[in-house]
>>> print(open('target.txt').read())   # compact mmCIF, C-alpha atoms and all ligand atoms
# COMPACT_ATOMS: atom_id res chain seq x y z
CA MET P 232 -33.61 22.50 -6.27
CA PRO P 233 -33.08 18.75 -6.21
CA PRO P 234 -29.68 17.69 -7.59
CA ILE P 235 -29.44 16.68 -11.26
CA ILE P 236 -27.05 13.88 -10.34
CA SER P 237 -27.27 12.09 -7.05
CA VAL P 238 -24.77 9.39 -6.26
CA GLU P 239 -25.34 7.21 -3.23
CA ASN P 240 -22.90 4.65 -1.84
CA LEU P 241 -21.72 3.80 -5.32
CA SER P 242 -19.32 0.86 -5.56
CA LYS P 243 -17.85 -1.06 -8.45
CA LYS P 244 -16.05 -4.34 -8.15
CA TYR P 245 -13.86 -5.83 -10.86
CA ILE P 246 -12.55 -9.32 -11.00
CA LEU P 247 -8.87 -9.25 -11.74
CA ARG P 248 -7.33 -11.94 -13.85
CA HIS P 249 -3.84 -12.88 -12.94
CA GLN P 250 -2.21 -14.88 -15.65
CA LYS P 251 -2.59 -12.68 -18.66
CA GLN P 252 -1.94 -9.17 -17.49
CA GLU P 253 -3.79 -7.64 -20.38
CA ARG P 254 -5.26 -4.29 -19.62
CA TYR P 255 -8.83 -3.41 -20.46
CA THR P 256 -9.32 -1.54 -23.72
CA THR P 257 -9.37 2.22 -23.52
CA LEU P 258 -10.10 4.73 -26.22
CA ARG P 259 -6.40 5.48 -26.14
CA ASP P 260 -5.71 1.87 -27.09
CA VAL P 261 -8.28 2.06 -29.84
CA LEU P 262 -6.69 5.17 -31.19
CA ALA P 263 -3.29 3.60 -30.99
CA ASN P 264 -4.20 0.28 -32.55
CA GLY P 265 -6.95 1.15 -34.93
CA ALA P 266 -10.61 0.52 -34.46
CA LYS P 267 -10.55 -3.05 -35.74
CA ARG P 268 -9.12 -4.71 -32.66
CA PHE P 269 -11.64 -2.80 -30.61
CA THR P 270 -14.51 -4.08 -32.72
CA ASN P 271 -13.22 -7.61 -32.29
CA ARG P 272 -13.22 -7.03 -28.58
CA LEU P 273 -16.81 -5.87 -28.73
CA ILE P 274 -17.85 -8.90 -30.71
CA HIS P 275 -15.91 -11.32 -28.51
CA PRO P 276 -15.84 -9.46 -25.21
CA PHE P 277 -14.95 -12.48 -23.13
CA ALA P 278 -12.38 -14.03 -25.41
CA ALA P 279 -9.59 -12.78 -23.21
CA LEU P 280 -11.21 -14.28 -20.14
CA GLU P 281 -10.93 -17.85 -21.30
CA ASN P 282 -8.42 -20.20 -19.73
CA ASP P 283 -7.76 -18.00 -16.74
CA SER P 284 -7.25 -19.65 -13.44
CA THR P 285 -6.74 -17.08 -10.69
CA HIS P 286 -9.27 -14.36 -10.01
CA GLU P 287 -9.12 -11.60 -7.46
CA GLU P 288 -11.71 -9.03 -6.46
CA PHE P 289 -10.84 -5.40 -6.79
CA TRP P 290 -12.92 -2.37 -5.82
CA ALA P 291 -12.43 0.35 -8.41
CA LEU P 292 -15.04 2.49 -6.59
CA LYS P 293 -15.99 2.11 -2.97
CA ASP P 294 -18.94 3.74 -1.26
CA VAL P 295 -18.89 7.04 -3.13
CA SER P 296 -21.67 9.57 -2.47
CA PHE P 297 -22.16 13.13 -3.73
CA ASP P 298 -24.71 15.42 -5.38
CA ILE P 299 -24.30 17.65 -8.41
CA GLN P 300 -26.59 20.59 -9.10
CA GLN P 301 -27.83 21.54 -12.53
CA GLY P 302 -25.43 23.89 -14.33
CA ASP P 303 -22.41 22.89 -12.22
CA ARG P 304 -19.15 22.33 -14.04
CA VAL P 305 -17.41 19.64 -12.06
CA GLY P 306 -13.79 18.51 -12.35
CA VAL P 307 -13.14 14.90 -11.40
CA ILE P 308 -9.55 14.45 -10.30
CA GLY P 309 -7.34 11.78 -8.79
CA ARG P 310 -4.26 9.75 -9.51
CA ASN P 311 -4.09 7.06 -12.18
CA GLY P 312 -6.38 4.24 -11.20
CA ALA P 313 -8.30 6.31 -8.64
CA GLY P 314 -11.61 5.37 -10.27
CA LYS P 315 -12.40 8.49 -12.34
CA SER P 316 -13.18 6.72 -15.59
CA THR P 317 -15.11 4.04 -13.73
CA LEU P 318 -17.29 6.71 -12.16
CA LEU P 319 -17.94 8.38 -15.51
CA LYS P 320 -18.75 5.06 -17.12
CA ILE P 321 -21.35 4.32 -14.47
CA LEU P 322 -22.88 7.79 -14.83
CA SER P 323 -22.99 7.28 -18.60
CA ARG P 324 -24.68 3.91 -18.09
CA ILE P 325 -21.90 2.14 -19.94
CA THR P 326 -21.23 -0.04 -16.96
CA GLU P 327 -23.36 -1.04 -13.98
CA PRO P 328 -22.41 -0.38 -10.40
CA THR P 329 -21.93 -3.41 -8.18
CA SER P 330 -23.87 -1.68 -5.42
CA GLY P 331 -25.25 1.75 -4.62
CA ARG P 332 -27.01 3.98 -7.08
CA ALA P 333 -26.64 6.97 -9.35
CA SER P 334 -29.81 8.84 -10.20
CA ILE P 335 -29.58 11.19 -13.12
CA LYS P 336 -32.19 13.57 -14.45
CA GLY P 337 -31.85 14.23 -18.13
CA ARG P 338 -30.00 13.21 -21.23
CA VAL P 339 -26.35 12.36 -20.92
CA ALA P 340 -23.81 12.68 -23.72
CA SER P 341 -20.36 11.41 -22.99
CA LEU P 342 -16.93 11.19 -24.46
CA LEU P 343 -15.15 8.45 -22.60
CA GLU P 344 -12.05 6.33 -22.87
CA VAL P 345 -14.20 3.42 -24.01
CA GLY P 346 -17.17 3.16 -26.31
CA THR P 347 -17.56 6.51 -27.98
CA GLY P 348 -20.84 5.34 -29.45
CA PHE P 349 -19.26 5.42 -32.90
CA HIS P 350 -19.65 2.50 -35.19
CA PRO P 351 -16.33 1.98 -36.99
CA GLU P 352 -17.85 0.83 -40.27
CA LEU P 353 -20.23 3.77 -40.53
CA THR P 354 -19.23 7.11 -42.00
CA GLY P 355 -18.87 10.30 -40.02
CA ARG P 356 -22.23 11.47 -41.32
CA GLU P 357 -23.99 8.23 -40.37
CA ASN P 358 -22.43 8.26 -36.93
CA ILE P 359 -23.65 11.78 -36.26
CA TYR P 360 -27.24 10.70 -36.98
CA LEU P 361 -26.81 7.48 -35.02
CA ASN P 362 -25.58 9.35 -31.96
CA GLY P 363 -28.34 11.92 -32.20
CA ALA P 364 -30.90 9.12 -32.38
CA ILE P 365 -29.36 7.42 -29.35
CA LEU P 366 -29.76 10.69 -27.48
CA GLY P 367 -33.41 10.74 -28.43
CA MET P 368 -33.26 13.58 -30.95
CA SER P 369 -35.44 13.75 -34.03
CA LYS P 370 -33.92 13.74 -37.50
CA ALA P 371 -34.87 17.40 -37.93
CA GLU P 372 -33.17 18.34 -34.64
CA ILE P 373 -29.99 16.57 -35.64
CA LYS P 374 -30.09 18.17 -39.06
CA SER P 375 -30.23 21.62 -37.51
CA LYS P 376 -27.03 20.86 -35.55
CA PHE P 377 -25.26 18.97 -38.30
CA ASP P 378 -23.26 21.80 -39.90
CA GLU P 379 -22.11 23.11 -36.55
CA ILE P 380 -20.89 19.65 -35.52
CA VAL P 381 -18.96 19.17 -38.73
CA ALA P 382 -17.45 22.64 -38.69
CA PHE P 383 -16.31 22.33 -35.08
CA ALA P 384 -14.72 18.95 -35.71
CA ASP P 385 -13.20 20.15 -38.97
CA VAL P 386 -13.99 16.91 -40.80
CA GLU P 387 -15.98 18.20 -43.81
CA LYS P 388 -13.78 16.35 -46.27
CA PHE P 389 -14.17 13.03 -44.50
CA LEU P 390 -17.89 13.03 -43.81
CA ASP P 391 -18.51 10.08 -46.10
CA THR P 392 -15.49 8.08 -44.97
CA PRO P 393 -15.99 5.28 -42.43
CA VAL P 394 -14.69 6.51 -39.07
CA LYS P 395 -12.36 3.53 -38.80
CA ARG P 396 -10.24 5.30 -41.42
CA TYR P 397 -10.05 8.50 -39.36
CA SER P 398 -6.82 9.58 -37.74
CA SER P 399 -6.93 9.54 -33.93
CA GLY P 400 -7.19 13.33 -33.88
CA MET P 401 -10.13 13.38 -36.32
CA TYR P 402 -11.90 10.66 -34.40
CA VAL P 403 -11.70 12.50 -31.11
CA ARG P 404 -12.62 15.83 -32.69
CA LEU P 405 -15.78 14.38 -34.17
CA ALA P 406 -16.64 12.43 -31.01
CA PHE P 407 -16.30 15.55 -28.87
CA SER P 408 -18.18 17.71 -31.30
CA VAL P 409 -21.09 15.29 -31.45
CA ALA P 410 -21.28 14.98 -27.66
CA ALA P 411 -21.08 18.73 -27.10
CA HIS P 412 -23.50 19.87 -29.80
CA LEU P 413 -26.37 17.45 -29.36
CA GLU P 414 -27.67 19.51 -26.44
CA PRO P 415 -27.45 16.96 -23.68
CA ASP P 416 -28.52 17.99 -20.19
CA ILE P 417 -25.29 16.52 -18.88
CA LEU P 418 -21.99 16.44 -20.79
CA ILE P 419 -19.41 13.99 -19.52
CA VAL P 420 -15.86 14.17 -20.89
CA ASP P 421 -12.99 11.92 -19.86
CA GLU P 422 -9.43 13.02 -20.51
CA VAL P 423 -9.38 11.73 -24.08
CA LEU P 424 -9.08 15.30 -25.26
CA ALA P 425 -5.41 14.99 -24.45
CA VAL P 426 -5.21 13.15 -27.78
CA GLY P 427 -6.02 16.27 -29.74
CA ASP P 428 -3.59 19.10 -30.33
CA ALA P 429 -3.28 22.06 -27.98
CA GLN P 430 -5.41 24.30 -30.13
CA PHE P 431 -8.23 21.80 -30.27
CA GLN P 432 -8.04 21.20 -26.52
CA LYS P 433 -8.47 24.92 -26.00
CA LYS P 434 -11.44 24.99 -28.32
CA CYS P 435 -13.02 22.10 -26.41
CA LEU P 436 -12.54 23.81 -23.07
CA GLY P 437 -14.22 26.88 -24.52
CA LYS P 438 -17.09 24.78 -25.80
CA MET P 439 -17.56 23.04 -22.45
CA GLU P 440 -17.63 26.41 -20.75
CA GLU P 441 -20.34 27.51 -23.17
CA VAL P 442 -22.33 24.35 -22.53
CA GLY P 443 -22.09 25.08 -18.80
CA ASN P 444 -23.17 28.70 -19.25
CA ASP P 445 -26.21 27.37 -21.05
CA GLY P 446 -27.34 25.90 -17.73
CA ARG P 447 -26.18 22.42 -18.65
CA THR P 448 -24.09 20.28 -16.37
CA VAL P 449 -20.53 19.29 -17.25
CA LEU P 450 -18.31 16.61 -15.71
CA PHE P 451 -14.72 16.70 -16.83
CA VAL P 452 -11.78 14.44 -16.00
CA SER P 453 -8.30 15.75 -16.59
CA HIS P 454 -4.84 15.53 -15.11
CA ASN P 455 -4.25 19.08 -16.20
CA MET P 456 -5.05 21.16 -13.15
CA ALA P 457 -4.83 24.39 -15.12
CA SER P 458 -7.67 23.29 -17.43
CA ILE P 459 -9.72 21.94 -14.54
CA GLN P 460 -9.33 25.12 -12.56
CA LYS P 461 -10.24 27.27 -15.53
CA LEU P 462 -13.34 25.32 -16.48
CA CYS P 463 -14.74 23.94 -13.25
CA GLY P 464 -16.31 25.57 -10.23
CA ASN P 465 -16.51 22.38 -8.23
CA GLY P 466 -14.38 19.31 -7.91
CA ILE P 467 -14.53 15.70 -6.85
CA LEU P 468 -11.32 14.10 -5.64
CA LEU P 469 -11.12 10.32 -5.80
CA ARG P 470 -8.43 8.31 -4.10
CA ASP P 471 -8.09 4.54 -4.34
CA GLY P 472 -11.73 4.27 -5.37
CA GLY P 473 -13.00 6.32 -2.43
CA LEU P 474 -14.28 9.88 -2.29
CA SER P 475 -11.52 11.97 -0.79
CA ASP P 476 -13.08 15.41 -1.15
CA VAL P 477 -15.86 17.27 -2.91
CA GLY P 478 -16.44 21.02 -3.05
CA ALA P 479 -14.99 24.24 -4.41
CA ILE P 480 -12.41 23.42 -7.06
CA GLU P 481 -9.54 25.43 -5.55
CA LYS P 482 -9.77 23.53 -2.30
CA VAL P 483 -10.04 20.15 -4.03
CA ILE P 484 -7.04 20.82 -6.28
CA GLU P 485 -5.00 21.95 -3.32
CA LEU P 486 -5.77 18.76 -1.46
CA TYR P 487 -4.92 16.68 -4.53
CA LEU P 488 -1.57 18.37 -5.00
CA SER P 489 -0.66 18.14 -1.34
CA ASP P 490 -1.74 14.51 -1.05
CA SER P 491 1.49 12.88 -0.05
CA SER P 492 0.55 9.58 -1.66
CA LEU P 493 0.82 11.36 -4.97
CA ILE P 494 4.43 12.11 -4.42
CA GLY P 495 7.43 9.86 -4.12
CA LYS P 496 6.11 6.33 -4.29
CA GLU P 497 9.44 4.72 -3.65
CA SER P 498 9.17 1.00 -3.84
CA ILE P 499 8.59 0.14 -7.46
CA GLY P 500 9.85 -3.42 -7.72
CA ASP P 501 6.32 -4.80 -8.02
CA MET P 502 4.81 -2.20 -10.28
CA PRO P 503 3.59 -3.47 -13.67
CA ARG P 504 6.21 -3.24 -16.38
CA ALA P 505 5.54 -1.73 -19.79
CA ARG P 506 8.18 -3.82 -21.47
CA HIS P 507 11.18 -6.03 -21.15
CA ASP P 508 12.75 -7.66 -24.12
CA TYR P 509 14.31 -10.60 -22.41
CA GLY P 510 14.05 -12.38 -19.05
CA LEU P 511 14.62 -10.80 -15.71
CA VAL P 512 18.16 -9.39 -15.86
CA ALA P 513 17.90 -6.12 -13.94
CA LYS P 514 15.06 -3.97 -12.73
CA PHE P 515 14.35 -0.86 -10.74
CA THR P 516 13.38 -1.48 -7.14
CA ASN P 517 13.36 2.03 -5.68
CA VAL P 518 13.28 5.63 -6.74
CA SER P 519 13.29 8.69 -4.53
CA PRO P 520 13.40 12.35 -5.42
CA VAL P 521 16.30 14.06 -3.64
CA ASN P 522 17.62 17.58 -3.64
CA GLY P 523 21.04 18.64 -4.86
CA ASN P 524 22.51 17.61 -1.49
CA GLY P 525 21.11 14.10 -1.68
CA LYS P 526 18.38 14.70 0.91
CA LYS P 527 14.98 13.14 0.21
CA VAL P 528 12.33 15.66 -0.76
CA VAL P 529 8.73 15.61 -1.97
CA SER P 530 8.83 18.76 -4.03
CA PHE P 531 11.28 20.93 -5.87
CA LYS P 532 11.50 24.62 -6.52
CA SER P 533 11.59 25.72 -10.08
CA GLY P 534 15.16 26.54 -11.04
CA GLU P 535 16.67 24.15 -8.48
CA ASP P 536 18.63 21.00 -9.18
CA ILE P 537 16.27 18.08 -9.51
CA ALA P 538 17.74 14.71 -8.61
CA PHE P 539 16.70 11.12 -8.08
CA ASP P 540 18.25 8.16 -6.33
CA LEU P 541 17.56 5.08 -8.41
CA GLU P 542 18.05 1.61 -7.01
CA ILE P 543 18.47 -1.30 -9.38
CA LYS P 544 18.51 -4.99 -8.60
CA ALA P 545 20.58 -7.21 -10.87
CA PHE P 546 19.57 -10.86 -11.16
CA GLU P 547 22.71 -11.83 -12.99
CA LYS P 548 26.09 -10.28 -13.53
CA VAL P 549 25.62 -7.49 -16.05
CA ASP P 550 27.48 -4.62 -17.54
CA GLY P 551 26.86 -1.99 -20.17
CA LEU P 552 23.62 -0.85 -18.56
CA SER P 553 22.24 2.43 -19.84
CA ILE P 554 19.55 4.20 -17.81
CA VAL P 555 16.74 6.08 -19.49
CA PHE P 556 14.90 8.82 -17.65
CA GLY P 557 11.79 10.47 -19.09
CA LEU P 558 9.99 13.44 -17.63
CA ASP P 559 6.33 14.09 -18.41
CA THR P 560 3.82 16.71 -17.43
CA TYR P 561 0.72 15.45 -15.76
CA MET P 562 -1.00 15.68 -19.13
CA ASP P 563 1.48 13.13 -20.42
CA TYR P 564 3.41 15.60 -22.47
CA ARG P 565 7.03 14.54 -22.69
CA ILE P 566 9.33 17.32 -21.55
CA THR P 567 12.63 15.54 -21.88
CA THR P 568 14.30 12.15 -22.11
CA VAL P 569 17.86 11.64 -20.95
CA LEU P 570 20.01 8.55 -21.49
CA SER P 571 22.96 7.81 -19.26
CA GLU P 572 24.73 6.30 -22.25
CA GLU P 573 24.63 9.59 -24.10
CA ALA P 574 26.13 11.30 -21.07
CA GLY P 575 28.94 8.73 -21.14
CA SER P 576 27.70 6.62 -18.19
CA LEU P 577 27.22 2.86 -18.41
CA PHE P 578 26.73 0.81 -15.27
CA SER P 579 27.47 -2.73 -14.20
CA ALA P 580 26.37 -4.95 -11.33
CA ASP P 581 27.13 -8.35 -9.82
CA LYS P 582 24.63 -11.19 -9.69
CA ASP P 583 21.98 -10.64 -6.99
CA SER P 584 23.30 -7.22 -6.08
CA LEU P 585 21.71 -3.82 -5.64
CA ILE P 586 23.25 -0.72 -7.13
CA SER P 587 22.22 2.85 -6.43
CA ILE P 588 22.60 5.60 -8.97
CA ASN P 589 22.06 9.30 -8.53
CA LEU P 590 20.79 11.29 -11.48
CA LYS P 591 20.89 15.05 -11.31
CA LEU P 592 19.30 17.51 -13.70
CA PRO P 593 20.86 20.81 -12.77
CA ASN P 594 18.86 24.04 -12.59
CA LEU P 595 15.66 22.75 -14.05
CA HIS P 596 13.29 25.58 -14.74
CA LEU P 597 9.98 23.79 -14.68
CA LYS P 598 6.80 25.72 -14.16
CA PRO P 599 4.93 24.90 -10.94
CA GLY P 600 2.84 21.77 -11.28
CA VAL P 601 2.93 18.01 -10.97
CA TYR P 602 5.28 15.91 -13.09
CA SER P 603 5.86 12.23 -13.49
CA VAL P 604 8.88 10.08 -14.16
CA THR P 605 9.26 7.12 -16.51
CA LEU P 606 12.33 4.91 -16.19
CA GLY P 607 14.08 2.36 -18.33
CA ILE P 608 17.16 0.16 -18.30
CA ARG P 609 18.72 -0.76 -21.61
CA ARG P 610 21.59 -2.87 -22.75
CA ASN P 611 22.65 -2.85 -26.38
CA LYS P 612 19.48 -0.90 -27.18
CA LEU P 613 17.26 -3.67 -25.78
CA ALA P 614 14.93 -2.90 -22.88
CA LEU P 615 15.68 -4.78 -19.67
CA ASP P 616 13.12 -2.81 -17.72
CA HIS P 617 10.61 -0.07 -18.49
CA VAL P 618 8.28 1.39 -15.87
CA VAL P 619 5.90 4.12 -16.86
CA ARG P 620 5.04 6.96 -14.48
CA VAL P 621 6.81 5.43 -11.50
CA ILE P 622 6.54 8.49 -9.34
CA SER P 623 5.18 11.97 -9.45
CA PHE P 624 6.70 15.02 -7.89
CA GLU P 625 5.68 18.56 -7.47
CA VAL P 626 7.37 21.76 -8.53
CA ASN P 627 5.83 24.34 -6.35
CA GLU P 628 7.45 27.69 -6.47
CA ILE P 629 9.75 29.72 -8.61
CA SER P 630 13.17 30.55 -7.27
CA THR P 631 14.38 32.63 -10.18
CA ASN P 632 13.89 36.32 -10.65
CA ASN P 633 10.82 36.06 -12.83
CA LYS P 634 8.53 35.31 -9.89
CA ASP P 635 5.41 36.67 -11.49
CA HIS P 636 5.88 34.64 -14.62
CA ASP P 637 2.49 33.74 -16.05
CA SER P 638 3.00 30.52 -18.00
CA ALA P 639 -0.26 30.93 -19.89
CA LYS P 640 1.09 34.12 -21.36
CA TYR P 641 4.80 33.46 -21.50
CA GLY P 642 5.04 29.74 -22.16
CA ASP P 643 5.97 26.66 -20.17
CA LEU P 644 9.72 26.98 -19.95
CA LEU P 645 11.07 29.26 -17.27
CA THR P 646 14.61 29.59 -18.46
CA GLU P 647 17.26 31.90 -17.13
CA SER P 648 18.66 34.38 -19.59
CA LEU P 649 21.90 36.34 -19.67
CA TRP P 650 22.13 39.58 -21.58
CA ARG P 651 25.05 41.77 -22.52
CA LEU P 652 25.60 44.65 -24.82
CA LEU P 653 28.19 43.95 -27.51
N1 LIG P 701 -12.76 -3.49 -16.88
C1 LIG P 701 -11.89 -3.54 -15.88
N2 LIG P 701 -11.44 -4.70 -15.39
C2 LIG P 701 -10.59 -4.75 -14.36
N3 LIG P 701 -10.10 -3.68 -13.73
C3 LIG P 701 -10.50 -2.49 -14.17
C4 LIG P 701 -11.41 -2.34 -15.26
N4 LIG P 701 -11.64 -1.03 -15.46
C5 LIG P 701 -10.88 -0.39 -14.55
N5 LIG P 701 -10.20 -1.25 -13.77
C6 LIG P 701 -9.32 -0.92 -12.65
O1 LIG P 701 -10.04 -0.08 -11.77
C7 LIG P 701 -9.20 0.95 -11.26
C8 LIG P 701 -9.80 2.28 -11.58
O2 LIG P 701 -9.71 2.46 -12.97
P1 LIG P 701 -10.15 3.81 -13.69
O3 LIG P 701 -9.96 3.59 -15.13
O4 LIG P 701 -11.50 4.20 -13.22
O5 LIG P 701 -9.08 4.83 -13.13
P2 LIG P 701 -8.83 6.34 -13.54
O6 LIG P 701 -8.94 7.16 -12.30
O7 LIG P 701 -9.68 6.72 -14.69
O8 LIG P 701 -7.29 6.30 -13.97
P3 LIG P 701 -6.49 7.08 -15.13
O9 LIG P 701 -6.12 8.40 -14.55
O10 LIG P 701 -5.29 6.24 -15.38
O11 LIG P 701 -7.40 7.18 -16.32
C9 LIG P 701 -7.83 0.72 -11.88
O12 LIG P 701 -7.03 0.04 -10.96
C10 LIG P 701 -8.12 -0.13 -13.09
O13 LIG P 701 -7.01 -0.95 -13.39
MG MG P 702 -9.27 7.18 -16.65
>>> encode(input="target.txt", output="C-alpha cells", more="lines below")
Ligand SMILES: Nc1ncnc2c1ncn2[C@@H]1O[C@H](COP(=O)(O)OP(=O)(O)OP(=O)(O)O)[C@@H](O)[C@H]1O
Ligand SMILES: [Mg+2]
Amino acid sequence: MPPIISVENLSKKYILRHQKQERYTTLRDVLANGAKRFTNRLIHPFAALENDSTHEEFWALKDVSFDIQQGDRVGVIGRNGAGKSTLLKILSRITEPTSGRASIKGRVASLLEVGTGFHPELTGRENIYLNGAILGMSKAEIKSKFDEIVAFADVEKFLDTPVKRYSSGMYVRLAFSVAAHLEPDILIVDEVLAVGDAQFQKKCLGKMEEVGNDGRTVLFVSHNMASIQKLCGNGILLRDGGLSDVGAIEKVIELYLSDSSLIGKESIGDMPRARHDYGLVAKFTNVSPVNGNGKKVVSFKSGEDIAFDLEIKAFEKVDGLSIVFGLDTYMDYRITTVLSEEAGSLFSADKDSLISINLKLPNLHLKPGVYSVTLGIRRNKLALDHVVRVISFEVNEISTNNKDHDSAKYGDLLTESLWRLL
C-alpha cells in the first residue's frame, strides 16, 4: 500500500533575530499568559520583528525523508530544539517547508504547541463546531460526536463560556478531545498533553491507542519514553533538525537514550538564560555529572550518589552566593529543588575568577530514565543566573535490592526501607 504520509527532503529555515531574544509563542506560553497576548500576536504577527538589525539563518529541519503507513502509531522523539514541533507543524499545514515536500492522504487533526484552531472569543460549543467544519464535517456529523467530545473533555459546565476564560487544563482537554473525536485520518499530537494532570494524560494515551486501532494514523511527540513506548510501534528520531533514525520504537528509543549528545553538555556559559535580575555578576560556565568519587560520568545507577561539578565565573567580587539545583524528569515534572543556602553553604568569589563547587545528592533512588538539571545562582533572594535544563543525564539501572521494581505498578520513587520488629 502506498504510504499515507510521505516526507521527502523536507527542510525548514528560520531567520533568527538577534537583538530581542524573544522566543516564538507556544501553546505553553498561551496557557501561561492567557489567550489575549496570543490573539494580539495573531493580529500583529510581525510586530516583534520591527526594528531588528541582525538576522541569521537557522535550519530547524534539514533534509528529512521518511514514509508512514496507514494505521501506524509513530512516536517523534528528540532533544529540545531537535525540530519535532516544526515537523508536526509542517505536516499539519500550519507552516510551510522551505524546501522538500510532505504528501499526506486524508484529513489531519492536530493538537500542537501553537494554533489549536480555537478562537478565544468563541465558546467551547462554538469552537467544537468551528473545528468540525474546518475538518470538513457536516453539522449533523459534528452533532453526533458532540456529547462524546464534551464528556471526554469534562467541560459540560463551561460549554457556553468563551474558551479564553478556560483554565489551561480545560483548554487542553477540550482541544485534545475535539482533535481525537472528529475522526481524522491522521491525528497529530505534540507534547502539550503534559499540561494536563496524570489521569487525563492516561486517558489521552488510551484514546490515541483506540484511534490507532481504528486504522487511523497517529503521530505523537513526547519526552516521556514510557508513554511513547506504550503507544507507538514506530519511531522517528530527530537530532539537530536531521533525521537520526526511523523504525521500530524500541530501537529508536534506545538510540535516543544512548545518544551521547543528550548527556552531559558541559559548557553552558553561552546558553540562553531564563532570568537574571541585575547585570552580569556571576554565571555558570560548566557543569559535569560526576560520581561519588569525583570522576566524570554520563549515567548513574539508581541508588548511587549523584553529584555534579559546577563551575561559576564571577565578574565582580561577590559573596553570599546561594546555588539552586532543580531536578526534573524528562516530562518536566519537578522531582526536587535544593538550595545551598538551606544546607548552610554560601559561596564567594573574587572579581574575574572561576570557582568550582561540587554538589552531591547521596543515595538517590531515581527510577531508570532521563533527567534534566536546572541551575540558579541567587544572592539575597535575587537571581544572578538561571539556566533551565542545562544538562540531561541518564539513570540506567537499579543497584538496590528491588531489581524487578515495576514503577508503573509501584510508583516512581525507589526508596530503601528498613524494617524491624518492636
Ligand atoms: N518560529 C520560529 N522562529 C525561529 N526559530 C524557531 C521557530 N520555531 C522554531 N524555531 C527553532 O527551531 C528549532 C526547532 O524547534 P522545534 O520547536 O521544532 O523543536 P522541538 O524538537 O519541538 O523542541 P522541544 O522539545 O523543546 O519542543 C529550535 O531551535 C527553535 O528555537
Ligand atoms: Mg516542541
>>> residues_near_ligand(input="target.txt", ligand="ligand MG 702 (chain P)", cutoff="8 Å", atoms="only C-alpha atoms and all ligand atoms", output="ChimeraX atom specification")
/P:311-312,314-317,344,421-422,452
>>> residues_near_ligand(input="target.txt", ligand="ligand LIG 701 (chain P)", cutoff="9 Å", atoms="only C-alpha atoms and all ligand atoms", output="ChimeraX atom specification")
/P:243-248,254-257,289-292,307-320,344,421-422,452-454,469-472
>>> closest_residue(input="target.txt", among="P:Leu606, P:Val518, P:Ile365, P:Ile537", to="P:Ser587", atoms="all atoms listed in the file")
P:Val518
>>> closest_residue(input="target.txt", among="P:Leu353, P:Leu241, P:Ala411, P:Val483", to="P:Val381", atoms="all atoms listed in the file")
P:Ala411
>>> closest_residue(input="target.txt", among="P:Phe546, P:Phe349, P:Tyr487, P:Phe389", to="P:Phe407", atoms="all atoms listed in the file")
P:Phe349
>>> atom_distance(input="target.txt", atom1="atom CA of P:Glu572", atom2="atom CA of P:Lys598")
27.6 Å
>>> atom_distance(input="target.txt", atom1="atom CA of P:Asn455", atom2="atom CA of P:Pro503")
24.0 Å
>>> closest_residue(input="target.txt", among="P:Lys582, P:Lys374, P:Lys438, P:Lys591", to="P:Asp540", atoms="all atoms listed in the file")
P:Lys591
>>> closest_residue(input="target.txt", among="P:Val339, P:Val619, P:Ile588, P:Ile417", to="P:Ala538", atoms="only C-alpha atoms")
P:Ile588
>>> closest_residue(input="target.txt", among="P:Thr448, P:Pro415, P:Lys376, P:Val442", to="P:Pro234", atoms="all atoms listed in the file")
P:Thr448
>>> residues_around(input="target.txt", residues="P:Ser579", least_positions_apart="5", cutoff="9 Å", atoms="only C-alpha atoms", output="VMD selection string")
chain P and resid 545 548 to 552 586
>>> residues_around(input="target.txt", residues="P:Gln300", least_positions_apart="2", cutoff="10 Å", atoms="all atoms listed in the file", output="PyMOL selection string")
chain P and resi 232-237+298+302-305+447-448
>>> atom_distance(input="target.txt", atom1="atom CA of P:Gly464", atom2="atom CA of P:Cys435")
16.9 Å
>>> residues_around(input="target.txt", residues="P:Gly331", least_positions_apart="2", cutoff="7 Å", atoms="all atoms listed in the file", output="compact mmCIF listing (two decimals) with C-alpha atoms, keeping the file's coordinate frame")
# COMPACT_ATOMS: atom_id res chain seq x y z
CA GLU P 239 -25.34 7.21 -3.23
CA ASN P 240 -22.90 4.65 -1.84
CA LEU P 241 -21.72 3.80 -5.32
CA SER P 242 -19.32 0.86 -5.56
CA PRO P 328 -22.41 -0.38 -10.40
>>> residues_around(input="target.txt", residues="P:Ile499", least_positions_apart="4", cutoff="10 Å", atoms="only C-alpha atoms", output="PyMOL selection string")
chain P and resi 503-504+514-518+542+618+621-622
>>> residues_around(input="target.txt", residues="P:Phe556", least_positions_apart="4", cutoff="8 Å", atoms="all atoms listed in the file", output="count of residues only")
7
